[in-house]
Amino acid sequence: MPRPPDSRAGLVMRSSGPPARAHGDRDGAGYGDRGRGRGREGDRGRGRSVDGAGLGFAAAVGGAAGACLAGHRGRGAGLVGAAVGAALLSASEVAARRRQRPGEIPALWHRIAYSGALAAPVGWLAGRAGAGARAVAIGAGAVAGAAGLRPQKVVLGPLFGWAMGRALPDSPPPVAAAVTVVAYRALSAAMFRDAQVALLAEKVSPTDLPFVVPLEARSGFVGTDYVRDLAAVLGGDYRRDVEDVGIVASLDDLAGPGFDPTEVDPRVREFYEHTTRFTLDVVPRWRAWARPGYLLYRTLVARPLGQANVPMNQREAQRGVHSRIDTIDTDGDGVPDVRGWVRSYAGTGEPIYVGIYTTYRHEGRGYVSVGFPLPHAAFTATLVPSARRGGGLVLSSRSSLDHPGHYLTATSPGPGPGPGPGELTALAVQGFAERLDVFVGRDGGLRAEHAFSLFGLPFLVLDYRMARRTATA
């Protein structure tokens, strides 16, 4: 198979044909069918066998839930409740797994039952700590809403819990927790019909998913030395902070319907093809509603991971951004096969972003895929190019095409001793969208606006100013 320009050589070879359709269901919990991935061939049309460990865990959860829900009536009632709960959730597990097809997740009704069963012991513990039914219901609603990720659900959850607390003021705390979670999830499924996350494929070859960059971090920290560590895994010639290289080899690789690279302003082209010639200044513009959530995410997730650590405000951004590109030549031809754009805070070296930039072609059209390594997983943004008036370039994840979007993949170990990825399980994060607009400003300087939205709600714009490096920069 011929290698497309700047293909992910050494990482994954792409399939030239469209991937087959995956199976999934849509519900308020956030799963649905995006129709890109595929399960194992030959398994389609058959239900799954029931896993013994999964069945045992379901019985344990059901038993604990039954004991907590009935325990307030006495020891004997608690034992009967445990037996009934174990039997019911085990039966639900068996039925759901037998209906489940490759590439699907378990049925909505089973997931709702499972979440209610998990909530009951938590409610029991809260009650033992002194919480009443109203407080437990509010807490259960808040947790269920936060688990949905969608901002509307985050707001709806505690309000729904408050209403359930008023409706069940004298119920035992386990009952308040379980009923609140089950009722909330049923209401959520009815209100929010569009999928938040789609299960695209389960345990498939990387060639089936040409729009993902399946490069993971093999430790719990990504950090600014990720590309060096990746070179040790992939093999090849590693170069740090390459002087004159771009995040793409050539904009011509992106040519296709709706985008003619010859119409791009030479200054914009130079930025993409010779990114290291420029310095970056960034000003973040956060929406007020997103700030508390991002602060929590940054403290608990981004900084410990060394990845996706965006400035919180302009004061932080004024510390300056250090930008470099590390490369790996895996086949010894002198051409970079891996391009890692590493951005960090100039004063401290703390990571901001570590992204692996690739381009590929599919059905006569070029795409940009950026892989953001995570511990034993990867997050990919696949963007389609389009022209902007005045010679600018827009890269967007929103499109009627199949490939653009955001994908979360987990990688199983490869079958042999080599460094190549094994099988992938992939989710499409449909509620997340971004648009990167690079253009020449009125003053003749390069500008960029990188806008992000969550479930249709804009939450962040990163304003960039790019300037050519001076001899002493």
# chains A, B, ... in the order shown; residues from 1 in each chain; ligands from 1
>>> residues_around(residues="stretch 298-310 of chain A", least_positions_apart="4", cutoff="9 Å", atoms="only C-alpha atoms", output="compact mmCIF listing (two decimals) with C-alpha atoms, in the first residue's frame")
# COMPACT_ATOMS: atom_id res chain seq x y z
CA GLY A 220 1.28 8.26 34.82
CA PHE A 221 2.94 11.50 33.65
CA VAL A 222 3.18 12.77 30.07
CA GLY A 223 5.42 15.83 30.41
CA THR A 224 7.75 17.66 28.07
CA PRO A 284 -7.03 32.81 27.33
CA GLY A 293 -14.89 23.27 36.61
CA TYR A 294 -11.61 23.95 34.85
CA ALA A 317 -0.16 33.60 30.19
CA SER A 344 5.38 24.77 28.27
CA GLU A 350 5.61 23.21 33.41
CA PRO A 351 3.88 21.41 30.51
CA ILE A 352 0.95 23.06 28.75
CA TYR A 353 0.36 20.75 25.79
CA VAL A 354 2.19 17.80 24.27
CA PHE A 372 -2.56 13.99 22.90
CA PRO A 373 -0.98 11.14 24.87
CA LEU A 374 -2.54 10.12 28.17
CA PRO A 375 -1.53 7.37 30.59
>>> residues_around(residues="A:Leu215", least_positions_apart="3", cutoff="10 Å", atoms="only C-alpha atoms", output="list of chain:residue names")
A:Leu11, A:Val12, A:Val212, A:Arg218, A:Leu230, A:Ile356, A:Gly371, A:Phe372, A:Pro373, A:Leu374, A:Pro375, A:His376, A:Ala377, A:Ala378, A:Phe379, A:Thr380, A:Thr409, A:Ala410, A:Thr411, A:Gly420, A:Pro421
>>> residues_around(residues="A:Tyr272", least_positions_apart="6", cutoff="12 Å", atoms="only C-alpha atoms", output="PyMOL selection string")
chain A and resi 244-254+261+264-266+278+325+341+357-359+368+392-395+438-439+446+448+466
>>> closest_residue(among="A:Pro106, A:Gly347, A:Pro292, A:Pro210", to="A:Arg361", atoms="only C-alpha atoms")
A:Pro210
>>> atom_distance(atom1="atom CA of A:Val175", atom2="atom CA of A:Gly81")
12.6 Å
>>> select_by_dssp(residues="stretch 145-300 of chain A", states="strand (DSSP E)", output="ChimeraX atom specification")
/A:197-204,237-239,278-286
>>> write_last_selection(atoms="N, CA and C atoms", output="tab-separated table (two decimals), in the first residue's frame")
chain	number	residue	atom	x	y	z
A	197	VAL	N	-21.19	10.49	24.06
A	197	VAL	CA	-20.04	9.66	23.72
A	197	VAL	C	-20.54	8.47	22.93
A	198	ALA	N	-19.83	8.11	21.85
A	198	ALA	CA	-20.21	6.96	21.04
A	198	ALA	C	-19.12	5.91	21.12
A	199	LEU	N	-19.50	4.67	21.38
A	199	LEU	CA	-18.55	3.58	21.32
A	199	LEU	C	-18.36	3.22	19.85
A	200	LEU	N	-17.20	3.53	19.32
A	200	LEU	CA	-16.94	3.30	17.90
A	200	LEU	C	-16.48	1.88	17.62
A	201	ALA	N	-15.58	1.39	18.42
A	201	ALA	CA	-15.00	0.08	18.14
A	201	ALA	C	-14.40	-0.48	19.41
A	202	GLU	N	-14.37	-1.79	19.47
A	202	GLU	CA	-13.82	-2.47	20.63
A	202	GLU	C	-12.86	-3.54	20.16
A	203	LYS	N	-11.61	-3.43	20.59
A	203	LYS	CA	-10.57	-4.41	20.28
A	203	LYS	C	-10.42	-4.61	18.78
A	204	VAL	N	-10.09	-3.51	18.09
A	204	VAL	CA	-9.88	-3.57	16.64
A	204	VAL	C	-8.44	-3.19	16.33
A	237	ASP	N	15.75	7.84	15.08
A	237	ASP	CA	16.59	8.98	15.42
A	237	ASP	C	15.74	10.08	16.06
A	238	TYR	N	15.98	10.36	17.34
A	238	TYR	CA	15.26	11.40	18.07
A	238	TYR	C	16.03	12.69	18.03
A	239	ARG	N	15.35	13.80	17.70
A	239	ARG	CA	15.95	15.13	17.71
A	239	ARG	C	15.08	16.05	18.55
A	278	PHE	N	8.76	30.74	14.82
A	278	PHE	CA	7.90	31.72	15.45
A	278	PHE	C	7.85	31.54	16.96
A	279	THR	N	7.64	32.65	17.66
A	279	THR	CA	7.32	32.62	19.08
A	279	THR	C	5.81	32.76	19.23
A	280	LEU	N	5.31	32.33	20.38
A	280	LEU	CA	3.87	32.36	20.65
A	280	LEU	C	3.59	33.16	21.91
A	281	ASP	N	2.59	34.03	21.84
A	281	ASP	CA	1.99	34.66	23.02
A	281	ASP	C	0.52	34.30	23.01
A	282	VAL	N	-0.01	33.92	24.17
A	282	VAL	CA	-1.39	33.47	24.24
A	282	VAL	C	-2.14	34.23	25.32
A	283	VAL	N	-3.40	34.54	25.02
A	283	VAL	CA	-4.31	35.15	25.99
A	283	VAL	C	-5.56	34.28	26.06
A	284	PRO	N	-5.83	33.64	27.21
A	284	PRO	CA	-7.03	32.81	27.33
A	284	PRO	C	-8.26	33.65	27.67
A	285	ARG	N	-9.38	33.33	27.03
A	285	ARG	CA	-10.65	33.97	27.35
A	285	ARG	C	-11.64	32.88	27.77
A	286	TRP	N	-11.76	32.67	29.07
A	286	TRP	CA	-12.65	31.66	29.62
A	286	TRP	C	-14.04	32.24	29.85
>>> closest_residue(among="A:Val80, A:Ala59, A:Leu457, A:Ala255", to="A:Ala387", atoms="only C-alpha atoms")
A:Ala255
>>> atom_distance(atom1="atom CA of A:Tyr360", atom2="atom CA of A:Glu270")
19.6 Å
>>> select_by_dssp(residues="stretch 199-324 of chain A", states="helix (DSSP H, G or I)", output="ChimeraX atom specification")
/A:206-208,226-234,251-254,261-263,266-273,275-277,288-305,314-317
>>> atom_distance(atom1="atom CA of A:Val61", atom2="atom CA of A:Val94")
14.3 Å
>>> residues_around(residues="A:Ala60", least_positions_apart="3", cutoff="10 Å", atoms="only C-alpha atoms", output="mmCIF file with C-alpha atoms, in the first residue's frame")
data_model
loop_
_atom_site.group_PDB
_atom_site.id
_atom_site.type_symbol
_atom_site.label_atom_id
_atom_site.label_comp_id
_atom_site.auth_asym_id
_atom_site.auth_seq_id
_atom_site.Cartn_x
_atom_site.Cartn_y
_atom_site.Cartn_z
ATOM 1 C CA GLY A 54 -18.608 -9.702 35.666
ATOM 2 C CA LEU A 55 -21.480 -11.865 36.824
ATOM 3 C CA GLY A 56 -19.916 -12.284 40.248
ATOM 4 C CA PHE A 57 -19.396 -8.542 40.596
ATOM 5 C CA GLY A 63 -26.565 -8.151 47.141
ATOM 6 C CA ALA A 64 -25.079 -5.096 48.823
ATOM 7 C CA ALA A 65 -27.825 -2.894 47.383
ATOM 8 C CA GLY A 66 -30.590 -5.248 48.509
ATOM 9 C CA ALA A 82 -29.394 -9.230 49.718
ATOM 10 C CA ALA A 83 -30.483 -12.488 48.115
ATOM 11 C CA GLY A 85 -30.840 -7.989 44.973
ATOM 12 C CA ALA A 86 -28.080 -10.401 43.953
ATOM 13 C CA ALA A 87 -30.513 -12.489 41.925
ATOM 14 C CA LEU A 89 -28.918 -7.734 39.172
ATOM 15 C CA SER A 90 -27.322 -11.036 38.101
#
